[in-house]
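Asker: Handing over run-v3.txt, compact mmCIF, N, CA, C and O atoms.
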# COMPACT_ATOMS: atom_id res chain seq x y z
N MET B 1 19.99 -6.48 13.51
CA MET B 1 18.87 -5.62 13.19
C MET B 1 17.99 -6.32 12.15
O MET B 1 18.47 -6.82 11.15
N THR B 2 16.69 -6.36 12.40
CA THR B 2 15.77 -7.03 11.48
C THR B 2 15.42 -6.11 10.32
O THR B 2 15.68 -4.90 10.37
N ALA B 3 14.83 -6.69 9.28
CA ALA B 3 14.43 -5.91 8.12
C ALA B 3 13.45 -4.81 8.51
O ALA B 3 13.53 -3.70 8.01
N SER B 4 12.54 -5.12 9.43
CA SER B 4 11.56 -4.10 9.83
C SER B 4 12.23 -2.97 10.59
O SER B 4 11.78 -1.83 10.53
N GLU B 5 13.31 -3.25 11.31
CA GLU B 5 14.01 -2.19 12.03
C GLU B 5 14.80 -1.30 11.07
O GLU B 5 15.10 -0.16 11.39
N ARG B 6 15.17 -1.82 9.91
CA ARG B 6 15.93 -1.04 8.93
C ARG B 6 15.04 -0.18 8.05
O ARG B 6 15.53 0.66 7.31
N ARG B 7 13.75 -0.37 8.12
CA ARG B 7 12.85 0.40 7.27
C ARG B 7 12.98 1.88 7.57
O ARG B 7 13.15 2.29 8.71
N ARG B 8 12.82 2.67 6.52
CA ARG B 8 13.04 4.11 6.63
C ARG B 8 11.87 4.88 7.23
O ARG B 8 12.06 5.99 7.71
N SER B 9 10.69 4.35 7.15
CA SER B 9 9.55 5.16 7.55
C SER B 9 8.62 4.42 8.49
O SER B 9 8.59 3.21 8.54
N ARG B 10 7.89 5.20 9.24
CA ARG B 10 6.93 4.68 10.20
C ARG B 10 5.77 4.05 9.46
O ARG B 10 5.26 4.59 8.49
N ARG B 11 5.34 2.87 9.92
CA ARG B 11 4.20 2.20 9.35
C ARG B 11 3.05 2.24 10.35
O ARG B 11 3.27 2.18 11.54
N ILE B 12 1.85 2.33 9.80
CA ILE B 12 0.68 2.33 10.66
C ILE B 12 -0.20 1.16 10.26
O ILE B 12 -0.17 0.71 9.11
N GLU B 13 -0.97 0.63 11.22
CA GLU B 13 -1.96 -0.37 10.88
C GLU B 13 -3.09 0.32 10.15
O GLU B 13 -3.53 1.40 10.53
N PHE B 14 -3.56 -0.31 9.12
CA PHE B 14 -4.52 0.35 8.24
C PHE B 14 -5.27 -0.70 7.46
O PHE B 14 -4.68 -1.64 6.95
N ALA B 15 -6.58 -0.58 7.38
CA ALA B 15 -7.37 -1.53 6.60
C ALA B 15 -8.22 -0.75 5.60
O ALA B 15 -8.83 0.26 5.94
N SER B 16 -8.23 -1.23 4.37
CA SER B 16 -9.00 -0.58 3.32
C SER B 16 -9.19 -1.56 2.17
O SER B 16 -8.41 -2.49 2.01
N ALA B 17 -10.19 -1.32 1.39
CA ALA B 17 -10.33 -2.08 0.16
C ALA B 17 -9.27 -1.59 -0.81
O ALA B 17 -8.95 -0.41 -0.84
N ALA B 18 -8.71 -2.50 -1.57
CA ALA B 18 -7.67 -2.14 -2.52
C ALA B 18 -7.84 -2.95 -3.79
O ALA B 18 -8.37 -4.05 -3.78
N LEU B 19 -7.36 -2.38 -4.87
CA LEU B 19 -7.36 -3.07 -6.15
C LEU B 19 -5.95 -3.01 -6.70
O LEU B 19 -5.35 -1.93 -6.76
N LEU B 20 -5.40 -4.15 -7.06
CA LEU B 20 -4.05 -4.23 -7.59
C LEU B 20 -4.13 -4.56 -9.07
O LEU B 20 -4.74 -5.56 -9.45
N ARG B 21 -3.57 -3.70 -9.90
CA ARG B 21 -3.54 -3.93 -11.36
C ARG B 21 -2.10 -4.22 -11.77
O ARG B 21 -1.18 -3.58 -11.28
N TYR B 22 -1.93 -5.18 -12.68
CA TYR B 22 -0.59 -5.56 -13.11
C TYR B 22 -0.65 -6.16 -14.51
O TYR B 22 -1.72 -6.55 -14.98
N GLY B 23 0.47 -6.24 -15.17
CA GLY B 23 0.54 -6.86 -16.49
C GLY B 23 -0.36 -6.19 -17.50
O GLY B 23 -0.71 -5.01 -17.37
N ASP B 24 -0.73 -6.94 -18.51
CA ASP B 24 -1.61 -6.43 -19.56
C ASP B 24 -3.06 -6.63 -19.15
O ASP B 24 -3.64 -7.69 -19.40
N ASN B 25 -3.61 -5.63 -18.49
CA ASN B 25 -5.02 -5.64 -18.08
C ASN B 25 -5.36 -6.72 -17.07
O ASN B 25 -6.49 -7.20 -17.02
N CYS B 26 -4.42 -7.17 -16.25
CA CYS B 26 -4.69 -8.14 -15.19
C CYS B 26 -4.93 -7.39 -13.89
O CYS B 26 -4.38 -6.32 -13.67
N SER B 27 -5.76 -7.97 -13.05
CA SER B 27 -6.00 -7.33 -11.76
C SER B 27 -6.46 -8.36 -10.74
O SER B 27 -6.92 -9.44 -11.10
N LEU B 28 -6.27 -8.02 -9.50
CA LEU B 28 -6.84 -8.78 -8.41
C LEU B 28 -8.11 -8.05 -8.04
O LEU B 28 -8.08 -7.00 -7.43
N GLU B 29 -9.24 -8.58 -8.47
CA GLU B 29 -10.52 -7.91 -8.29
C GLU B 29 -11.12 -8.12 -6.91
O GLU B 29 -11.97 -7.38 -6.48
N ALA B 30 -10.70 -9.16 -6.22
CA ALA B 30 -11.26 -9.44 -4.90
C ALA B 30 -10.82 -8.37 -3.92
O ALA B 30 -9.83 -7.67 -4.13
N ARG B 31 -11.56 -8.26 -2.85
CA ARG B 31 -11.18 -7.31 -1.81
C ARG B 31 -9.84 -7.73 -1.22
O ARG B 31 -9.62 -8.89 -0.89
N ILE B 32 -8.95 -6.78 -1.14
CA ILE B 32 -7.62 -7.00 -0.56
C ILE B 32 -7.50 -6.02 0.59
O ILE B 32 -7.76 -4.84 0.43
N ASP B 33 -7.13 -6.51 1.76
CA ASP B 33 -6.95 -5.61 2.90
C ASP B 33 -5.48 -5.28 3.07
O ASP B 33 -4.63 -6.17 3.04
N THR B 34 -5.20 -4.01 3.23
CA THR B 34 -3.83 -3.62 3.50
C THR B 34 -3.55 -3.87 4.97
O THR B 34 -4.38 -3.61 5.83
N ARG B 35 -2.40 -4.44 5.27
CA ARG B 35 -2.02 -4.69 6.65
C ARG B 35 -1.39 -3.45 7.25
O ARG B 35 -1.61 -3.12 8.40
N ASP B 36 -0.57 -2.82 6.48
CA ASP B 36 0.04 -1.57 6.95
C ASP B 36 0.42 -0.73 5.75
O ASP B 36 0.48 -1.19 4.63
N ILE B 37 0.67 0.56 6.02
CA ILE B 37 0.99 1.50 4.95
C ILE B 37 1.99 2.50 5.49
O ILE B 37 1.99 2.81 6.69
N SER B 38 2.85 2.98 4.62
CA SER B 38 3.80 4.04 4.96
C SER B 38 3.91 4.95 3.74
O SER B 38 3.24 4.73 2.73
N LEU B 39 4.78 5.93 3.82
CA LEU B 39 4.99 6.81 2.68
C LEU B 39 5.72 6.10 1.54
O LEU B 39 5.74 6.59 0.42
N HIS B 40 6.30 4.95 1.82
CA HIS B 40 7.11 4.26 0.82
C HIS B 40 6.49 2.97 0.30
O HIS B 40 7.03 2.37 -0.62
N GLY B 41 5.38 2.52 0.90
CA GLY B 41 4.77 1.30 0.41
C GLY B 41 3.71 0.77 1.34
O GLY B 41 3.32 1.43 2.30
N LEU B 42 3.27 -0.46 1.04
CA LEU B 42 2.24 -1.07 1.87
C LEU B 42 2.35 -2.59 1.80
O LEU B 42 3.03 -3.14 0.95
N MET B 43 1.66 -3.24 2.73
CA MET B 43 1.59 -4.70 2.76
C MET B 43 0.16 -5.09 2.44
O MET B 43 -0.78 -4.58 3.05
N LEU B 44 0.00 -5.98 1.48
CA LEU B 44 -1.32 -6.50 1.14
C LEU B 44 -1.49 -7.87 1.76
O LEU B 44 -0.60 -8.72 1.66
N THR B 45 -2.63 -8.10 2.37
CA THR B 45 -2.97 -9.42 2.88
C THR B 45 -3.74 -10.15 1.79
O THR B 45 -4.86 -9.77 1.47
N THR B 46 -3.10 -11.16 1.20
CA THR B 46 -3.70 -11.90 0.10
C THR B 46 -3.01 -13.25 -0.04
O THR B 46 -1.86 -13.40 0.34
N ASP B 47 -3.75 -14.22 -0.58
CA ASP B 47 -3.16 -15.53 -0.86
C ASP B 47 -2.42 -15.54 -2.19
O ASP B 47 -1.64 -16.45 -2.46
N VAL B 48 -2.66 -14.54 -3.02
CA VAL B 48 -2.03 -14.46 -4.34
C VAL B 48 -0.59 -13.96 -4.17
O VAL B 48 -0.32 -13.07 -3.37
N ARG B 49 0.33 -14.55 -4.91
CA ARG B 49 1.73 -14.13 -4.89
C ARG B 49 2.18 -13.84 -6.31
O ARG B 49 2.31 -14.75 -7.11
N LEU B 50 2.38 -12.57 -6.62
CA LEU B 50 2.94 -12.19 -7.91
C LEU B 50 4.46 -12.23 -7.78
O LEU B 50 4.99 -12.04 -6.68
N PRO B 51 5.18 -12.43 -8.86
CA PRO B 51 6.63 -12.47 -8.78
C PRO B 51 7.21 -11.16 -8.25
O PRO B 51 6.70 -10.07 -8.54
N VAL B 52 8.28 -11.27 -7.46
CA VAL B 52 8.99 -10.08 -6.98
C VAL B 52 9.45 -9.29 -8.20
O VAL B 52 9.81 -9.87 -9.22
N GLU B 53 9.41 -7.98 -8.08
CA GLU B 53 9.77 -7.02 -9.13
C GLU B 53 8.66 -6.82 -10.17
O GLU B 53 8.87 -6.11 -11.15
N THR B 54 7.48 -7.41 -9.96
CA THR B 54 6.36 -7.17 -10.88
C THR B 54 5.85 -5.74 -10.70
O THR B 54 5.46 -5.35 -9.59
N PRO B 55 5.85 -4.94 -11.76
CA PRO B 55 5.28 -3.59 -11.66
C PRO B 55 3.77 -3.68 -11.49
O PRO B 55 3.12 -4.58 -12.03
N CYS B 56 3.21 -2.73 -10.75
CA CYS B 56 1.78 -2.75 -10.51
C CYS B 56 1.27 -1.34 -10.20
O CYS B 56 2.05 -0.42 -9.99
N VAL B 57 -0.03 -1.22 -10.21
CA VAL B 57 -0.71 0.01 -9.78
C VAL B 57 -1.67 -0.41 -8.68
O VAL B 57 -2.45 -1.34 -8.85
N ILE B 58 -1.60 0.27 -7.56
CA ILE B 58 -2.47 -0.03 -6.43
C ILE B 58 -3.46 1.12 -6.27
O ILE B 58 -3.08 2.29 -6.35
N GLU B 59 -4.72 0.77 -6.11
CA GLU B 59 -5.77 1.77 -5.92
C GLU B 59 -6.44 1.50 -4.58
O GLU B 59 -6.90 0.38 -4.33
N LEU B 60 -6.45 2.50 -3.73
CA LEU B 60 -7.12 2.40 -2.43
C LEU B 60 -8.30 3.35 -2.41
O LEU B 60 -8.19 4.50 -2.84
N HIS B 61 -9.41 2.88 -1.92
CA HIS B 61 -10.58 3.75 -1.75
C HIS B 61 -10.74 3.98 -0.26
O HIS B 61 -10.98 3.05 0.49
N LEU B 62 -10.53 5.23 0.15
CA LEU B 62 -10.63 5.59 1.56
C LEU B 62 -11.95 6.29 1.80
O LEU B 62 -12.33 7.19 1.05
N SER B 63 -12.65 5.88 2.83
CA SER B 63 -13.90 6.56 3.16
C SER B 63 -13.95 6.81 4.65
O SER B 63 -13.54 5.99 5.45
N GLY B 64 -14.41 7.99 4.97
CA GLY B 64 -14.57 8.38 6.36
C GLY B 64 -16.00 8.78 6.62
O GLY B 64 -16.88 8.58 5.78
N THR B 65 -16.22 9.37 7.77
CA THR B 65 -17.59 9.75 8.11
C THR B 65 -18.08 10.93 7.28
O THR B 65 -19.28 11.08 7.07
N THR B 66 -17.17 11.77 6.79
CA THR B 66 -17.60 12.96 6.06
C THR B 66 -17.05 13.07 4.64
O THR B 66 -17.44 13.97 3.92
N SER B 67 -16.14 12.18 4.25
CA SER B 67 -15.59 12.30 2.91
C SER B 67 -15.06 10.96 2.40
O SER B 67 -14.90 10.01 3.16
N GLU B 68 -14.81 10.93 1.10
CA GLU B 68 -14.22 9.77 0.46
C GLU B 68 -13.11 10.25 -0.45
O GLU B 68 -13.15 11.36 -0.97
N MET B 69 -12.09 9.40 -0.65
CA MET B 69 -11.01 9.76 -1.55
C MET B 69 -10.38 8.48 -2.10
O MET B 69 -10.46 7.42 -1.48
N ASP B 70 -9.79 8.61 -3.26
CA ASP B 70 -9.07 7.51 -3.87
C ASP B 70 -7.60 7.84 -3.90
O ASP B 70 -7.20 8.97 -4.19
N VAL B 71 -6.77 6.85 -3.59
CA VAL B 71 -5.33 6.98 -3.64
C VAL B 71 -4.83 6.01 -4.69
O VAL B 71 -5.21 4.84 -4.69
N VAL B 72 -4.02 6.51 -5.61
CA VAL B 72 -3.46 5.68 -6.66
C VAL B 72 -1.94 5.81 -6.61
O VAL B 72 -1.41 6.92 -6.56
N ALA B 73 -1.26 4.66 -6.61
CA ALA B 73 0.20 4.67 -6.57
C ALA B 73 0.74 3.58 -7.49
O ALA B 73 0.16 2.50 -7.59
N HIS B 74 1.83 3.88 -8.15
CA HIS B 74 2.55 2.88 -8.93
C HIS B 74 3.58 2.25 -8.02
O HIS B 74 4.16 2.92 -7.15
N GLY B 75 3.80 0.96 -8.19
CA GLY B 75 4.74 0.29 -7.32
C GLY B 75 5.31 -0.96 -7.96
O GLY B 75 5.08 -1.24 -9.15
N VAL B 76 6.02 -1.70 -7.14
CA VAL B 76 6.62 -2.95 -7.57
C VAL B 76 6.54 -3.93 -6.40
O VAL B 76 6.66 -3.53 -5.23
N ILE B 77 6.25 -5.19 -6.71
CA ILE B 77 6.22 -6.20 -5.65
C ILE B 77 7.63 -6.32 -5.10
O ILE B 77 8.58 -6.58 -5.84
N GLN B 78 7.76 -6.10 -3.80
CA GLN B 78 9.09 -6.06 -3.17
C GLN B 78 9.47 -7.38 -2.52
O GLN B 78 10.61 -7.82 -2.60
N ARG B 79 8.51 -8.00 -1.83
CA ARG B 79 8.81 -9.27 -1.15
C ARG B 79 7.51 -9.96 -0.79
O ARG B 79 6.44 -9.37 -0.84
N HIS B 80 7.63 -11.22 -0.41
CA HIS B 80 6.49 -12.02 0.05
C HIS B 80 6.66 -12.32 1.52
O HIS B 80 7.79 -12.49 2.00
N GLU B 81 5.56 -12.38 2.23
CA GLU B 81 5.52 -12.82 3.62
C GLU B 81 4.40 -13.84 3.75
O GLU B 81 3.62 -14.03 2.81
N ASP B 82 4.30 -14.48 4.89
CA ASP B 82 3.25 -15.48 5.09
C ASP B 82 1.87 -14.91 4.81
O ASP B 82 1.02 -15.57 4.23
N ALA B 83 1.63 -13.67 5.21
CA ALA B 83 0.30 -13.08 5.09
C ALA B 83 0.03 -12.41 3.75
O ALA B 83 -1.10 -12.08 3.45
N GLY B 84 1.06 -12.17 2.95
CA GLY B 84 0.80 -11.47 1.70
C GLY B 84 2.04 -10.97 1.00
O GLY B 84 3.11 -11.57 1.09
N MET B 85 1.89 -9.82 0.33
CA MET B 85 2.96 -9.23 -0.48
C MET B 85 3.20 -7.79 -0.06
O MET B 85 2.26 -7.04 0.19
N ALA B 86 4.48 -7.41 -0.03
CA ALA B 86 4.85 -6.02 0.22
C ALA B 86 5.04 -5.33 -1.13
O ALA B 86 5.64 -5.89 -2.05
N ILE B 87 4.51 -4.13 -1.23
CA ILE B 87 4.65 -3.32 -2.44
C ILE B 87 5.40 -2.05 -2.09
O ILE B 87 5.03 -1.34 -1.15
N ALA B 88 6.47 -1.78 -2.83
CA ALA B 88 7.21 -0.53 -2.68
C ALA B 88 6.66 0.46 -3.70
O ALA B 88 6.54 0.12 -4.89
N PHE B 89 6.33 1.67 -3.26
CA PHE B 89 5.85 2.68 -4.18
C PHE B 89 7.02 3.16 -5.05
O PHE B 89 8.11 3.41 -4.55
N THR B 90 6.76 3.31 -6.34
CA THR B 90 7.75 3.88 -7.25
C THR B 90 7.32 5.26 -7.74
O THR B 90 8.16 6.07 -8.12
N ARG B 91 6.02 5.50 -7.74
CA ARG B 91 5.50 6.81 -8.14
C ARG B 91 4.12 7.00 -7.52
O ARG B 91 3.26 6.13 -7.63
N VAL B 92 3.94 8.14 -6.89
CA VAL B 92 2.65 8.48 -6.28
C VAL B 92 2.31 9.89 -6.72
O VAL B 92 3.15 10.80 -6.59
N ASP B 93 1.11 10.10 -7.25
CA ASP B 93 0.75 11.45 -7.67
C ASP B 93 0.68 12.35 -6.44
O ASP B 93 0.47 11.87 -5.32
N PRO B 94 0.88 13.66 -6.60
CA PRO B 94 0.94 14.56 -5.45
C PRO B 94 -0.27 14.51 -4.53
O PRO B 94 -0.13 14.51 -3.31
N ASP B 95 -1.48 14.45 -5.09
CA ASP B 95 -2.67 14.41 -4.24
C ASP B 95 -2.71 13.13 -3.41
O ASP B 95 -3.03 13.16 -2.22
N SER B 96 -2.38 12.01 -4.02
CA SER B 96 -2.38 10.74 -3.30
C SER B 96 -1.30 10.74 -2.22
O SER B 96 -1.51 10.24 -1.12
N PHE B 97 -0.13 11.31 -2.53
CA PHE B 97 0.93 11.39 -1.54
C PHE B 97 0.48 12.19 -0.31
O PHE B 97 0.72 11.78 0.83
N ILE B 98 -0.20 13.30 -0.54
CA ILE B 98 -0.70 14.12 0.57
C ILE B 98 -1.70 13.34 1.40
O ILE B 98 -1.68 13.39 2.63
N HIS B 99 -2.57 12.57 0.76
CA HIS B 99 -3.54 11.75 1.50
C HIS B 99 -2.83 10.72 2.37
O HIS B 99 -3.18 10.52 3.54
N ILE B 100 -1.82 10.05 1.81
CA ILE B 100 -1.07 9.05 2.59
C ILE B 100 -0.32 9.73 3.73
O ILE B 100 -0.33 9.25 4.87
N LEU B 101 0.32 10.86 3.45
CA LEU B 101 1.05 11.60 4.49
C LEU B 101 0.12 11.99 5.63
O LEU B 101 0.44 11.79 6.81
N ASN B 102 -1.06 12.52 5.31
CA ASN B 102 -2.01 12.91 6.34
C ASN B 102 -2.51 11.70 7.13
O ASN B 102 -2.68 11.77 8.34
N LEU B 103 -2.72 10.60 6.45
CA LEU B 103 -3.16 9.37 7.11
C LEU B 103 -2.12 8.89 8.12
O LEU B 103 -2.43 8.57 9.26
N VAL B 104 -0.86 8.87 7.71
CA VAL B 104 0.22 8.45 8.59
C VAL B 104 0.35 9.40 9.78
O VAL B 104 0.45 8.97 10.93
N LYS B 105 0.33 10.70 9.51
CA LYS B 105 0.45 11.69 10.60
C LYS B 105 -0.71 11.58 11.58
O LYS B 105 -0.52 11.68 12.79
N LEU B 106 -1.92 11.38 11.08
CA LEU B 106 -3.10 11.25 11.94
C LEU B 106 -2.95 10.06 12.88
O LEU B 106 -3.20 10.16 14.07
N HIS B 107 -2.51 8.93 12.35
CA HIS B 107 -2.37 7.72 13.18
C HIS B 107 -1.19 7.81 14.13
O HIS B 107 -1.21 7.22 15.19
N GLU B 108 -0.12 8.53 13.75
CA GLU B 108 1.00 8.71 14.66
C GLU B 108 0.60 9.53 15.88
O GLU B 108 1.13 9.35 16.96
N ALA B 109 -0.36 10.44 15.70
CA ALA B 109 -0.79 11.30 16.79
C ALA B 109 -1.67 10.57 17.80
O ALA B 109 -1.86 11.04 18.92
N GLU B 110 -2.20 9.41 17.42
CA GLU B 110 -3.09 8.68 18.33
C GLU B 110 -2.33 8.01 19.44
O GLU B 110 -1.23 7.65 19.40
Go through the file and emit its structure as structure tokens.
Answerer:
Amino acid sequence: MTASERRRSRRIEFASAALLRYGDNCSLEARIDTRDISLHGLMLTTDVRLPVETPCVIELHLSGTTSEMDVVAHGVIQRHEDAGMAIAFTRVDPDSFIHILNLVKLHEAE
């Protein structure tokens, strides 16, 4: 069984601008595209590799045809892949969790 088969939650393909904050006022200011997202974390497509276990805050700005919303989650760098870094969520505020849950459910229905 591969690591992806052992994952607990369904992942969806998803692209959005993201901002990753870490350390003492450090951030990746460039546009970062998420490769996929689930209720437990996301994959960032980036050439930057922060050390595994680095705590971070990820900010996603979601915009649709009729509304916009920001999702903020605390996480930790979980692993590196050729295309980027996986982040496991450690804390997500209730409103952001509901936005992610709705996003996942919407894409599962397609």
Asker: Considering only C-alpha atoms, return as a list in words whatever protein or nucleic-acid residues lie within 12 Å of Pro51 (chain B), sequence-local ones (same chain, fewer than 6 positions apart) excluded.
Answerer: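 Contacts, with the query itself left out: Tyr22, Gly23, Val76, Ile77, Gln78, Arg79, His80, Met85, Ala86 and Ile87 of chain B.
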Asker: Pick out the closest residue to Leu39 (chain B) from this set: B:Cys56, B:Leu19, B:Cys26, B:Val104. Count all atoms listed in the file.
Answerer: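 Residue with the minimum atom-to-atom distance to Leu39 (chain B): B:Val104.
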Asker: Just the residues within 8 Å of Gly75 (chain B), please, counting only C-alpha atoms, with nothing from its chain fewer than 3 positions along; format it as a PyMOL selection string.
Answerer: chain B and resi 41+55-58+87-91
Asker: With only C-alpha atoms as the basis for distance, which of B:Glu59, B:Asp24, B:Asp36, B:Asp95 is at the shortest distance from Ala83 (chain B)?
Answerer: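 Among the listed residues, B:Asp36 lies closest to Ala83 (chain B).
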Asker: Using all atoms listed in the file, find the one residue out of B:Ile98, B:Val52, B:Val92, B:Val71 that sits nearest to Ala18 (chain B).
Answerer: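 For Ala18 (chain B), the nearest of the given residues is B:Val71.
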Asker: Separation of atom C of Leu101 (chain B) and atom N of Leu28 (chain B), in Å?
Answerer: 25.9 Å
Asker: Nearest to Arg21 (chain B) among B:Ser38, B:Ser96, B:Asn102, B:Thr54, with distances taken over only C-alpha atoms: which residue is it?
Answerer: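 Under the stated criterion, the closest residue is B:Thr54.
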Asker: Just give me the gap between atom O of His40 (chain B) and CA of His74 (chain B) in Å, one decimal is fine.
Answerer: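 According to the coordinates, atom O of His40 (chain B) and CA of His74 (chain B) are separated by 9.5 Å.
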Asker: B:Leu50, B:Asp93, B:Asp82, B:Ile100: which is nearest Ser27 (chain B), counting only C-alpha atoms?
Answerer: B:Leu50
Asker: If we count all atoms listed in the file, what is near Gly84 (chain B) at a cut-off of 4.5 Å, once residues fewer than 6 positions away on the same chain are taken out, given as a VMD selection string?
Answerer: chain B and resid 44 to 46
Asker: Step one, run DSSP on the backbone; step two, keep only residues of region 47-110 of chain B assigned to alpha helix (DSSP H); then write them as a list of chain:residue names.
Answerer: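 Matching residues for alpha helix (DSSP H) in region 47-110 of chain B are B:Pro94, B:Asp95, B:Ser96, B:Phe97, B:Ile98, B:His99, B:Ile100, B:Leu101, B:Asn102, B:Leu103, B:Val104, B:Lys105, B:Leu106, B:His107, B:Glu108.
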Asker: One number please: atom N of Lys105 (chain B) to atom O of Ala17 (chain B), in Å, one decimal.
Answerer: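 Atom N of Lys105 (chain B) sits 17.8 Å away from atom O of Ala17 (chain B).
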Asker: Determine the nearest neighbour of Asp47 (chain B) from the options B:Leu60, B:Asp70, B:Leu20, B:Glu81, counting only C-alpha atoms.
Answerer: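 Between B:Leu60, B:Asp70, B:Leu20, B:Glu81, the residue approaching Asp47 (chain B) most closely is B:Glu81.
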